[in-house]
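Below is one structure, written out as structure tokens, with a few remarks after it.
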Amino acid sequence: MEEDEKRVSFITCAAWVPKGVAAANPEKVEISKEDLGRIIQETKGKVEDLEELDNEEDEEIEEDAVVNGKENKEDLCIALTSEGQKKASESKKLLEEDEAVDFETRYSISNYDNEKDDKVNQLLQIGMLTIHASNDDDPYVTIKDHEDHDSEDENHVIFPTDNLIAVGHIEGDAAILEVYVYNGEESSFYVHHDILLPAAPLCMEWLNYDPGDEQLKPANMVAIGSMSPEIQVWDLDLIDCLEPAYTLGKRGKKKKKIPGIGHKQPVLSLAWNKHADHVLASGSVDQTVILWDLQHGSVAQQIKSFEEKVQSLSWHHTEAHTLLTGSCDWKAKMFDCRDNSTFKTWELDGEIECVIWDTHTDKPYNCLASTDKGTVFGIDGRQNKPLWTLNAHSKACTGIQMSPQCPGCLVSASSDGSIKIWDIASGKPSFIEESNPSLGTIQCLASCPDAPFVFCFGGDNKQNNFKVWDLRESSNARSRFCPRIRLPVDDEEMDLATPDTALQNLQSTDEGLAAATGPSCTVAPNQSSGKKTKSKFKKKKGGHLERRRKT
């Protein structure tokens with residue numbers, strides 16, 4: 001029971017996959033003995049490289065310690081008498097012997113090589129396991145599952161009306177890429193398959209580009225930045241794969257004088273350029289942004305105009321050369337990547353958590369940035385100061401997203417555990433709704449590309465750490481936003497208002513907002529409060545959500 005309480009389980013990042021992109025029947029990867037042996041040897045090599053890198057760092061630390069402590073050590077030696085030196089030498093010898101015995105007793109280091117060889121042999125024996133097409137063919141399975149075949153086959157199929165959500169999940173010591181299926185019309189939400197990752201995922205970006213496809217067919221890939229400086233790109237249309245489709249970057253080896261390629265420290269942010277689909281931008285702890293040429297897997301450009309780690313990136317929605325960045329030096333920057341020495345800077349009130357573009361305004365250079373102070377800033381790229389400042393949350397505002405289809409609809413998420421909906425259409429932010437989904441510290445937020453009001457959130461609550469929310473569950477959000485995109489406001493399941501009622505509510509909303517209380521905004525204090533809503537999806541055993549398809 002205590003182990004379960006200590007066991008961690010949290011969501012770090014998420015990315016949506018548009019409808020109709022995923023393969024209807026993802027291909028299952030079959031691993032041969034040769035491939036398994038190769039993967040094990042490569043993994044063993046990477047572990048050795050990591051150990052070598054750690055040793056190099058330890059040596060550098062020891063060298064610094066020797067240099068810094070040299071004078072103190074000399075003074076201490078002069079102060080010691082000959083008798084004192086003798087006693088100190090004897091005490092040191094006894095202490096070293098005790099430590100050696102204790103170390104051997106605790107870790108059995110003399111048997112380490114034998115144990116390591118045994119573990120490698122055990123891993124290699126995995127390939128000798130017999131794999132059967134079904135449980136009916138396996139003599140060791142006594143309970144057959146004829147009745148479940150139809151339902152399993154149906155759940156395995158991905159329909160053109162389904163969205164996928166790639167989710168980075170840390171559970172215990174395991175790093176996992178989970179691939180969810182979501183269909184709001186059929187109330188479907190479940191994990192389709194998952195992939196074990198070699199390092200903890202920190203950010204991810206969906207790619208519709210596969211450099212290995214000569215015919216340039218639509219791809220279904222996800223790039224993942226992690227605690228490793230390398231970026232791995234996985235094919236979401238493959239099941240049971242043990243290695244990525246390809247990797248961007250390579251660790252350097254100091255002792256062998258082999259230079260590294262790409263980042264030197266963990267990757268915190270990724271952004272795919274939809275107008276130049278062979279370009280991927282990545283931001284890192286090493287205080288650089290790299291523009292990758294996906295076609296050749298090489299570094300096209302490196303931007304070093306930062307004084308701290310780069311936490312967020314966003315490409316302009318119409319201009320392929322304009323990149324918005326946010327870093328921990330309290331600065332949001334806008335780069336013209338045709339000449340990265342040219343950029344515009346806004347210094348805000350804290351470390352930048354997230355930057356995005358406002359794609360719906362008639363001002364093409366309007367963007368937003370959130371900080372670790374819980375503040376959201378509205379910025380016009382042609383002006384030197386922010387347009388407005390919104391005190392959105394009491395703690396860090398970890399994510400902000402605009403609705404992809406509804407103008408002015410802004411959603412913000414915070415480490416204080418709250419989700420808030422705002423209306424920024426008039427240029428004066430107004431508070432619409434607040435919800436606490438009980439996800440713990442919310443660490444990621446992403447919007448569905450095919451639905452104007454569907455968002456997903458991930459947190460660190462072990463029992464409940466991932467949720468998809470349709471904003472129309474909120475009556476305030478329905479009445480404010482649905483008329484803007486001419487969507488039917490009527491919905492039997494949600495008991496929504498009629499279009500006429502929605503329009504009346506829209507006309508009278510400003511009066512109601514003025515009298516309400518809520519988070520403060522330096523431009524528009526108009527706010528209101530709303531009722532908390534519950535998800536329609538029901539949990540099943542195993543922590544996943546049950547799929548209920550219409551017949």
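Labeling convention for the structure tokens: chains A, B, ... as they appear, residues from 1 per chain, ligands from 1 in order of appearance.
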
Q) Quick one: residues within 12 Å of Ala413 (chain A), only C-alpha atoms counted, chain neighbours fewer than 2 positions away excluded, as a count of residues only? A) 47

(Q) For Pro404 (chain A), find every residue with an atom within 10 Å (counting only C-alpha atoms), except residues of its own chain fewer than 5 positions away, and show them as a ChimeraX atom specification. (A) /A:358-360,409-410,447-454

Q: Taking the DSSP assignment computed from this structure's backbone, write out as a PyMOL selection string all residues of region 307-467 of chain A that belong to strand (DSSP E or B).
A: chain A and resi 310-315+322-327+331-336+343-347+352-357+366-371+375-380+388-391+399-402+409-413+419-423+430-435+444-447+454-458+466-467

Output C-alpha atoms of each residue in that selection to a file, as a compact mmCIF listing (two decimals), in the first residue's frame.
# COMPACT_ATOMS: atom_id res chain seq x y z
CA VAL A 310 13.95 28.04 -23.99
CA GLN A 311 10.56 26.73 -22.83
CA SER A 312 8.12 27.50 -25.66
CA LEU A 313 8.11 27.93 -29.46
CA SER A 314 5.43 28.80 -32.01
CA TRP A 315 5.65 29.33 -35.77
CA THR A 322 8.61 34.06 -38.35
CA LEU A 323 9.20 32.24 -35.05
CA LEU A 324 7.93 33.25 -31.60
CA THR A 325 9.96 32.10 -28.58
CA GLY A 326 9.62 32.20 -24.79
CA SER A 327 12.48 31.60 -22.38
CA LYS A 331 11.74 37.48 -22.46
CA ALA A 332 9.45 36.71 -25.37
CA LYS A 333 11.16 37.15 -28.74
CA MET A 334 10.00 37.25 -32.36
CA PHE A 335 12.61 36.10 -34.92
CA ASP A 336 12.85 36.49 -38.67
CA PHE A 343 14.45 39.92 -33.58
CA LYS A 344 12.07 41.89 -31.37
CA THR A 345 11.99 41.43 -27.58
CA TRP A 346 9.40 41.96 -24.83
CA GLU A 347 10.52 41.64 -21.22
CA ILE A 352 7.88 32.47 -19.99
CA GLU A 353 5.82 29.27 -19.80
CA CYS A 354 3.98 29.37 -23.13
CA VAL A 355 3.75 31.49 -26.30
CA ILE A 356 1.05 31.24 -29.02
CA TRP A 357 -0.28 33.26 -31.97
CA ASN A 366 -0.94 39.54 -32.39
CA CYS A 367 0.29 36.86 -29.99
CA LEU A 368 0.04 35.84 -26.33
CA ALA A 369 2.52 34.79 -23.65
CA SER A 370 2.04 33.33 -20.15
CA THR A 371 4.50 33.36 -17.24
CA THR A 375 0.06 36.32 -15.86
CA VAL A 376 -1.05 36.31 -19.51
CA PHE A 377 0.11 39.10 -21.85
CA GLY A 378 -1.46 40.18 -25.13
CA ILE A 379 1.24 41.39 -27.54
CA ASP A 380 1.23 43.17 -30.90
CA TRP A 388 -2.90 44.15 -22.10
CA THR A 389 -1.93 42.24 -18.97
CA LEU A 390 -4.20 39.65 -17.36
CA ASN A 391 -3.66 38.29 -13.84
CA GLY A 399 -0.53 26.53 -20.81
CA ILE A 400 -2.62 28.82 -23.03
CA GLN A 401 -4.53 27.80 -26.16
CA MET A 402 -6.86 29.58 -28.55
CA CYS A 409 -11.98 31.89 -27.21
CA LEU A 410 -8.93 31.51 -24.96
CA VAL A 411 -8.31 28.70 -22.46
CA SER A 412 -5.61 28.87 -19.77
CA ALA A 413 -4.28 26.17 -17.42
CA ILE A 419 -8.76 25.73 -15.99
CA LYS A 420 -10.19 29.09 -17.08
CA ILE A 421 -12.02 30.29 -20.19
CA TRP A 422 -11.60 33.87 -21.44
CA ASP A 423 -13.02 36.00 -24.23
CA SER A 430 -13.28 38.94 -20.08
CA PHE A 431 -13.56 36.03 -17.66
CA ILE A 432 -16.16 33.42 -18.73
CA GLU A 433 -15.74 30.22 -16.69
CA GLU A 434 -13.50 28.43 -14.20
CA SER A 435 -13.24 24.69 -13.61
CA CYS A 444 0.00 20.54 -20.30
CA LEU A 445 -2.87 21.86 -22.40
CA ALA A 446 -3.71 21.15 -26.07
CA SER A 447 -6.63 22.00 -28.36
CA VAL A 454 -12.51 20.47 -27.26
CA PHE A 455 -9.32 20.65 -25.18
CA CYS A 456 -7.24 18.12 -23.24
CA PHE A 457 -5.31 18.62 -19.99
CA GLY A 458 -2.71 16.58 -18.10
CA PHE A 466 -5.72 13.22 -17.96
CA LYS A 467 -9.00 14.66 -19.22

Q: Would you mind listing what lies within 9 Å of Val29 (chain A) as an MDAnalysis selection string, with only C-alpha atoms counted and same-chain residues fewer than 5 positions away left out?
A: chainID A and resid 238:242

**Q.** Option closest in space to Leu268 (chain A), from A:Ser228, A:Gln295, A:Ser479, A:Gln302 [counting only C-alpha atoms]
**A.**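 So, comparing all the options, the nearest one is A:Ser228.
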
Q. Could you work out how far CA of Pro266 (chain A) lies from CA of Gly252 (chain A), giving the answer in Å with one decimal?
A.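 Between CA of Gly252 (chain A) and CA of Pro266 (chain A) the gap is 14.1 Å.
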
Q. Could you pull out the helix (DSSP H, G or I) residues of region 281-498 of chain A from DSSP and send them as a PyMOL selection string?
A. chain A and resi 471-473+475-485

Q: With a distance cut-off of 12 Å and only C-alpha atoms, select the neighbouring residues of Trp16 (chain A), excluding the residue or stretch itself and same-chain residues fewer than 3 positions from it, and output the selection as a PyMOL selection string.
A: chain A and resi 13+19+21-22+162-168+178-182+204-208+220-222+236+445-451+454-457+468
